[in-house]
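Written out below as structure tokens is the structure these notes cover.
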Amino acid sequence: MSARKRKAPDSMEQACMLCRRAEADPDICGHKLEKRGLCAHVFCLYFANELFQQRVAEVGLIGFLPEDIRRTVKRAAQKHCFVCGESGAAITCHETGCDRSFHLPCAVEGGCVTQILHQYRSFCWEHRPEQAVDAAPEENTTCLICLDPVGDRKSYHAMVCPACKHAWFHRGCIQGQAACAGISCFQCPLCKDKELFLLEMLTMGIRIPFRPWQLLLCCSCAAEGTHRRCSYLRNSTASWECDSCAGLGTDLDAPTLDFAFLFSYSGCARDTVWFLSWCRRRRIIQRSRRCGVNEKGFSDD
């Protein structure tokens with residue numbers, strides 16, 4: 001039995017009823033829900049075959065009825081995952097006539113694509129969508145995020161931006177960036193395109209959480225920060241100043257250097273790494289906290 005699949009014998013953590021994992025990548029499976037003897041990952045529920053969510057989210061597990069979940073688990077017990085070979089595969093390829101089934105955590109290893117567009121759909125390695133953009137990486141092209149080689153062609157693991165056709169990255173790397181950036185800030189790390197890039201990544205199965213957060217650093221010291229929503233800042237507010245700097249008589253109307261863009265994923269990942277290194281050299285501790293501000297985005301104190 002594969003070690004990646006099952007929980008350790010001495011572990012008391014409950015496993016998901018649909019993928020049978022006690023631990024799984026939250027970027028892939030979502031967080032785990034437990035209620036009245038039921039346990040399942042959020043996306044295991046959404047992608048499971050013939051399992052439908054009710055309009056009332058308070059019922060069962062986020063709207064999935066207990067009897068429906070148990071019925072799906074019983075049905076999945078008769079199917080084997082084509083990736084790991086074990087039973088309990090609750091997800092089947094969306095392609096008509098294809099009966100390949102798999103566990104959600106096995107999707108990446110099996111080259112599968114799970115889409116969250118207008119509906120939840122899953123595809124096996126044979127029927128998954130492929131990037132249609134006509135591009136090939138030049139020799140020694142590296143991933144913009146991890147800087148490791150991407151290979152000599154497009155593949156399941158090597159992807160390219162459909163807008164600029166020059167930004168290459170690994171599937172796992174761009175998935176990690178999407179999980180951190182959220183739907184409002186996710187864009188090509190090179191050309192900064194949003195529309196084509198976002199649609200392409202969703203089509204290719206990249207999970208992009210709806211997380212409208214944006215961290216603004218103090219435009220004077222860059223040592224403290226706040227999320228727009230935590231400080232009730234308008235989208236048009238471009239800069240923010242912490243209580244300490246505002247209390248020192250800082251000229252609020254003077255133009256100041258704004259480092260916020262580096263933390264909104266609007267620039268290249270290398271720029272973000274550079275800025276983090278800059279902060280470490282100066283022993284700056286960054287933290288987000290709730291505070292009161294006026295309509296201009298500055299402290300009332």
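Simple scheme: letters A, B, ... for chains in structure tokens order, numbers from 1 for residues in each chain, numbers from 1 for ligands in the order shown.
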Next on the checklist: Show me, as a PyMOL selection string, the residues that have an atom within 6 Å of stretch 76-78 of chain A when counting only C-alpha atoms, minus same-chain residues fewer than 6 positions from it.
Outcome noted: chain A and resi 87-90
Just the selected residues (all heavy atoms), exported as a PDB file, in the first residue's frame, please.
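And here's again37.pdb as it stands now:
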ATOM      1  N   SER A  87      -9.124   1.021  -4.516  1.00  0.00           N
ATOM      2  CA  SER A  87     -10.556   1.276  -4.667  1.00  0.00           C
ATOM      3  C   SER A  87     -10.938   2.611  -4.048  1.00  0.00           C
ATOM      4  O   SER A  87     -10.124   3.280  -3.408  1.00  0.00           O
ATOM      5  CB  SER A  87     -11.353   0.146  -4.017  1.00  0.00           C
ATOM      6  OG  SER A  87     -11.083   0.094  -2.625  1.00  0.00           O
ATOM      7  N   GLY A  88     -12.201   2.981  -4.220  1.00  0.00           N
ATOM      8  CA  GLY A  88     -12.700   4.218  -3.636  1.00  0.00           C
ATOM      9  C   GLY A  88     -12.522   5.438  -4.510  1.00  0.00           C
ATOM     10  O   GLY A  88     -12.556   6.570  -4.019  1.00  0.00           O
ATOM     11  N   ALA A  89     -12.348   5.238  -5.812  1.00  0.00           N
ATOM     12  CA  ALA A  89     -12.162   6.365  -6.728  1.00  0.00           C
ATOM     13  C   ALA A  89     -13.518   6.996  -7.046  1.00  0.00           C
ATOM     14  O   ALA A  89     -14.335   6.416  -7.756  1.00  0.00           O
ATOM     15  CB  ALA A  89     -11.479   5.888  -8.014  1.00  0.00           C
ATOM     16  N   ALA A  90     -13.748   8.195  -6.523  1.00  0.00           N
ATOM     17  CA  ALA A  90     -15.060   8.830  -6.640  1.00  0.00           C
ATOM     18  C   ALA A  90     -15.179   9.762  -7.837  1.00  0.00           C
ATOM     19  O   ALA A  90     -16.251  10.311  -8.096  1.00  0.00           O
ATOM     20  CB  ALA A  90     -15.373   9.604  -5.362  1.00  0.00           C
TER      21      ALA A  90
END
Checklist entry - Which residues in stretch 151-201 of chain A does DSSP call strand (DSSP E)? List them as a PyMOL selection string. => result chain A and resi 158-160+168-170
Tell me, which residues of stretch 136-239 of chain A carry DSSP alpha helix (DSSP H), written as a compact mmCIF listing (two decimals) with all heavy atoms, in the first residue's frame?
# COMPACT_ATOMS: atom_id res chain seq x y z
N ARG A 171 3.72 23.50 -13.74
CA ARG A 171 2.35 23.45 -13.23
C ARG A 171 2.33 23.63 -11.72
O ARG A 171 1.53 24.41 -11.19
CB ARG A 171 1.70 22.12 -13.62
CG ARG A 171 0.33 21.88 -12.99
CD ARG A 171 -0.26 20.56 -13.44
NE ARG A 171 -0.66 20.64 -14.83
CZ ARG A 171 -1.87 21.02 -15.25
NH1 ARG A 171 -2.78 21.39 -14.37
NH2 ARG A 171 -2.15 21.05 -16.54
N GLY A 172 3.19 22.92 -11.02
CA GLY A 172 3.21 23.03 -9.57
C GLY A 172 3.60 24.43 -9.09
O GLY A 172 3.07 24.91 -8.09
N CYS A 173 4.49 25.08 -9.83
CA CYS A 173 4.93 26.42 -9.44
C CYS A 173 3.82 27.45 -9.62
O CYS A 173 3.59 28.30 -8.74
CB CYS A 173 6.16 26.83 -10.25
SG CYS A 173 7.64 25.85 -9.89
N ILE A 174 3.14 27.39 -10.76
CA ILE A 174 2.08 28.37 -11.02
C ILE A 174 0.87 28.11 -10.13
O ILE A 174 0.15 29.03 -9.75
CB ILE A 174 1.69 28.40 -12.51
CG1 ILE A 174 1.02 29.74 -12.86
CG2 ILE A 174 0.78 27.24 -12.86
CD1 ILE A 174 1.92 30.93 -12.73
N GLN A 175 0.67 26.83 -9.73
CA GLN A 175 -0.40 26.51 -8.79
C GLN A 175 -0.11 27.13 -7.43
O GLN A 175 -0.99 27.68 -6.78
CB GLN A 175 -0.56 25.00 -8.65
CG GLN A 175 -1.59 24.57 -7.61
CD GLN A 175 -2.98 25.07 -7.92
OE1 GLN A 175 -3.66 24.57 -8.80
NE2 GLN A 175 -3.43 26.10 -7.18
N GLY A 176 1.15 27.08 -7.02
CA GLY A 176 1.52 27.69 -5.75
C GLY A 176 1.33 29.20 -5.78
O GLY A 176 0.87 29.80 -4.81
N GLN A 177 1.68 29.82 -6.91
CA GLN A 177 1.51 31.27 -7.02
C GLN A 177 0.04 31.64 -7.02
O GLN A 177 -0.37 32.63 -6.42
CB GLN A 177 2.18 31.79 -8.29
CG GLN A 177 2.11 33.30 -8.42
CD GLN A 177 2.92 33.83 -9.59
OE1 GLN A 177 3.58 33.08 -10.29
NE2 GLN A 177 2.86 35.12 -9.81
N ALA A 178 -0.79 30.83 -7.71
CA ALA A 178 -2.23 31.08 -7.75
C ALA A 178 -2.84 31.00 -6.36
O ALA A 178 -3.69 31.81 -5.99
CB ALA A 178 -2.90 30.09 -8.69
N ALA A 179 -2.39 30.02 -5.58
CA ALA A 179 -2.93 29.84 -4.23
C ALA A 179 -2.60 31.03 -3.34
O ALA A 179 -3.39 31.41 -2.48
CB ALA A 179 -2.38 28.55 -3.62
N CYS A 180 -1.45 31.63 -3.54
CA CYS A 180 -1.04 32.78 -2.74
C CYS A 180 -1.68 34.08 -3.23
O CYS A 180 -2.08 34.92 -2.43
CB CYS A 180 0.47 32.93 -2.76
SG CYS A 180 1.36 31.60 -1.93
N ALA A 181 -1.77 34.23 -4.54
CA ALA A 181 -2.25 35.49 -5.10
C ALA A 181 -3.76 35.64 -5.01
O ALA A 181 -4.28 36.72 -4.72
CB ALA A 181 -1.81 35.60 -6.56
N GLU A 195 -6.65 38.61 -18.27
CA GLU A 195 -7.83 37.96 -18.84
C GLU A 195 -7.50 36.64 -19.53
O GLU A 195 -8.03 35.59 -19.16
CB GLU A 195 -8.53 38.92 -19.80
CG GLU A 195 -9.11 40.16 -19.11
CD GLU A 195 -9.90 41.03 -20.06
OE1 GLU A 195 -10.11 40.61 -21.21
OE2 GLU A 195 -10.28 42.14 -19.65
N LEU A 196 -6.64 36.67 -20.53
CA LEU A 196 -6.28 35.45 -21.25
C LEU A 196 -5.59 34.46 -20.32
O LEU A 196 -5.85 33.25 -20.35
CB LEU A 196 -5.38 35.76 -22.45
CG LEU A 196 -6.04 36.39 -23.67
CD1 LEU A 196 -4.99 36.72 -24.73
CD2 LEU A 196 -7.10 35.46 -24.25
N PHE A 197 -4.71 34.98 -19.50
CA PHE A 197 -3.92 34.13 -18.60
C PHE A 197 -4.82 33.42 -17.61
O PHE A 197 -4.71 32.20 -17.40
CB PHE A 197 -2.89 34.99 -17.87
CG PHE A 197 -1.98 34.21 -16.98
CD1 PHE A 197 -0.96 33.44 -17.51
CD2 PHE A 197 -2.13 34.26 -15.60
CE1 PHE A 197 -0.11 32.72 -16.68
CE2 PHE A 197 -1.28 33.55 -14.78
CZ PHE A 197 -0.27 32.77 -15.33
N LEU A 198 -5.74 34.16 -16.99
CA LEU A 198 -6.63 33.58 -15.99
C LEU A 198 -7.51 32.49 -16.59
O LEU A 198 -7.63 31.39 -16.04
CB LEU A 198 -7.50 34.68 -15.38
CG LEU A 198 -8.43 34.27 -14.24
CD1 LEU A 198 -7.64 33.82 -13.04
CD2 LEU A 198 -9.36 35.42 -13.87
N LEU A 199 -8.11 32.77 -17.74
CA LEU A 199 -8.99 31.78 -18.38
C LEU A 199 -8.21 30.53 -18.78
O LEU A 199 -8.69 29.40 -18.60
CB LEU A 199 -9.65 32.41 -19.61
CG LEU A 199 -10.60 31.49 -20.40
CD1 LEU A 199 -11.73 31.00 -19.49
CD2 LEU A 199 -11.18 32.22 -21.60
N GLU A 200 -7.01 30.73 -19.31
CA GLU A 200 -6.19 29.59 -19.72
C GLU A 200 -5.81 28.72 -18.52
O GLU A 200 -5.87 27.49 -18.58
CB GLU A 200 -4.92 30.08 -20.42
CG GLU A 200 -4.00 28.98 -20.91
CD GLU A 200 -4.39 28.44 -22.27
OE1 GLU A 200 -5.50 28.75 -22.73
OE2 GLU A 200 -3.58 27.72 -22.87
N MET A 201 -5.43 29.35 -17.44
CA MET A 201 -5.02 28.58 -16.26
C MET A 201 -6.20 27.82 -15.65
O MET A 201 -6.06 26.68 -15.21
CB MET A 201 -4.39 29.50 -15.21
CG MET A 201 -3.06 30.14 -15.65
SD MET A 201 -1.76 28.94 -16.06
CE MET A 201 -1.79 28.98 -17.87
N LEU A 202 -7.37 28.44 -15.64
CA LEU A 202 -8.56 27.75 -15.15
C LEU A 202 -8.89 26.55 -16.03
O LEU A 202 -9.24 25.47 -15.54
CB LEU A 202 -9.75 28.70 -15.09
CG LEU A 202 -9.74 29.75 -13.98
CD1 LEU A 202 -10.86 30.76 -14.19
CD2 LEU A 202 -9.88 29.09 -12.61
N THR A 203 -8.78 26.74 -17.34
CA THR A 203 -9.05 25.66 -18.28
C THR A 203 -8.08 24.51 -18.10
O THR A 203 -8.43 23.33 -18.22
CB THR A 203 -8.98 26.17 -19.73
OG1 THR A 203 -9.93 27.23 -19.91
CG2 THR A 203 -9.28 25.05 -20.73
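The nearest approach to A:Glu23 among the residues A:His41, A:Lys35, A:His127, A:Lys154, with only C-alpha atoms taken into account, belongs to A:His41.
The interatomic distance for the pair atom CA of A:Gln14 and atom CA of A:Arg36 works out to 12.2 Å.
Atom CA of A:Pro105 is found 14.7 Å from atom CA of A:Cys93.
Restricting the calculation to only C-alpha atoms, the smallest distance between A:Leu117 and any of A:Leu104, A:Thr141, A:Ile208, A:Pro66 is found for A:Ile208.
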Item to check | Using only C-alpha atoms: which of A:Lys165, A:Met159, A:Leu45, A:His80 has the shortest distance to A:Phe64 | outcome: A:Leu45
Checklist outcome for this item: re atom CA of A:Ala246 and atom CA of A:His227: distance 17.5 Å
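Among the candidate residues A:Arg121, A:Arg21, A:Arg70, A:His157, the one lying nearest to A:Leu38 is A:Arg70, with distances computed using only C-alpha atoms.
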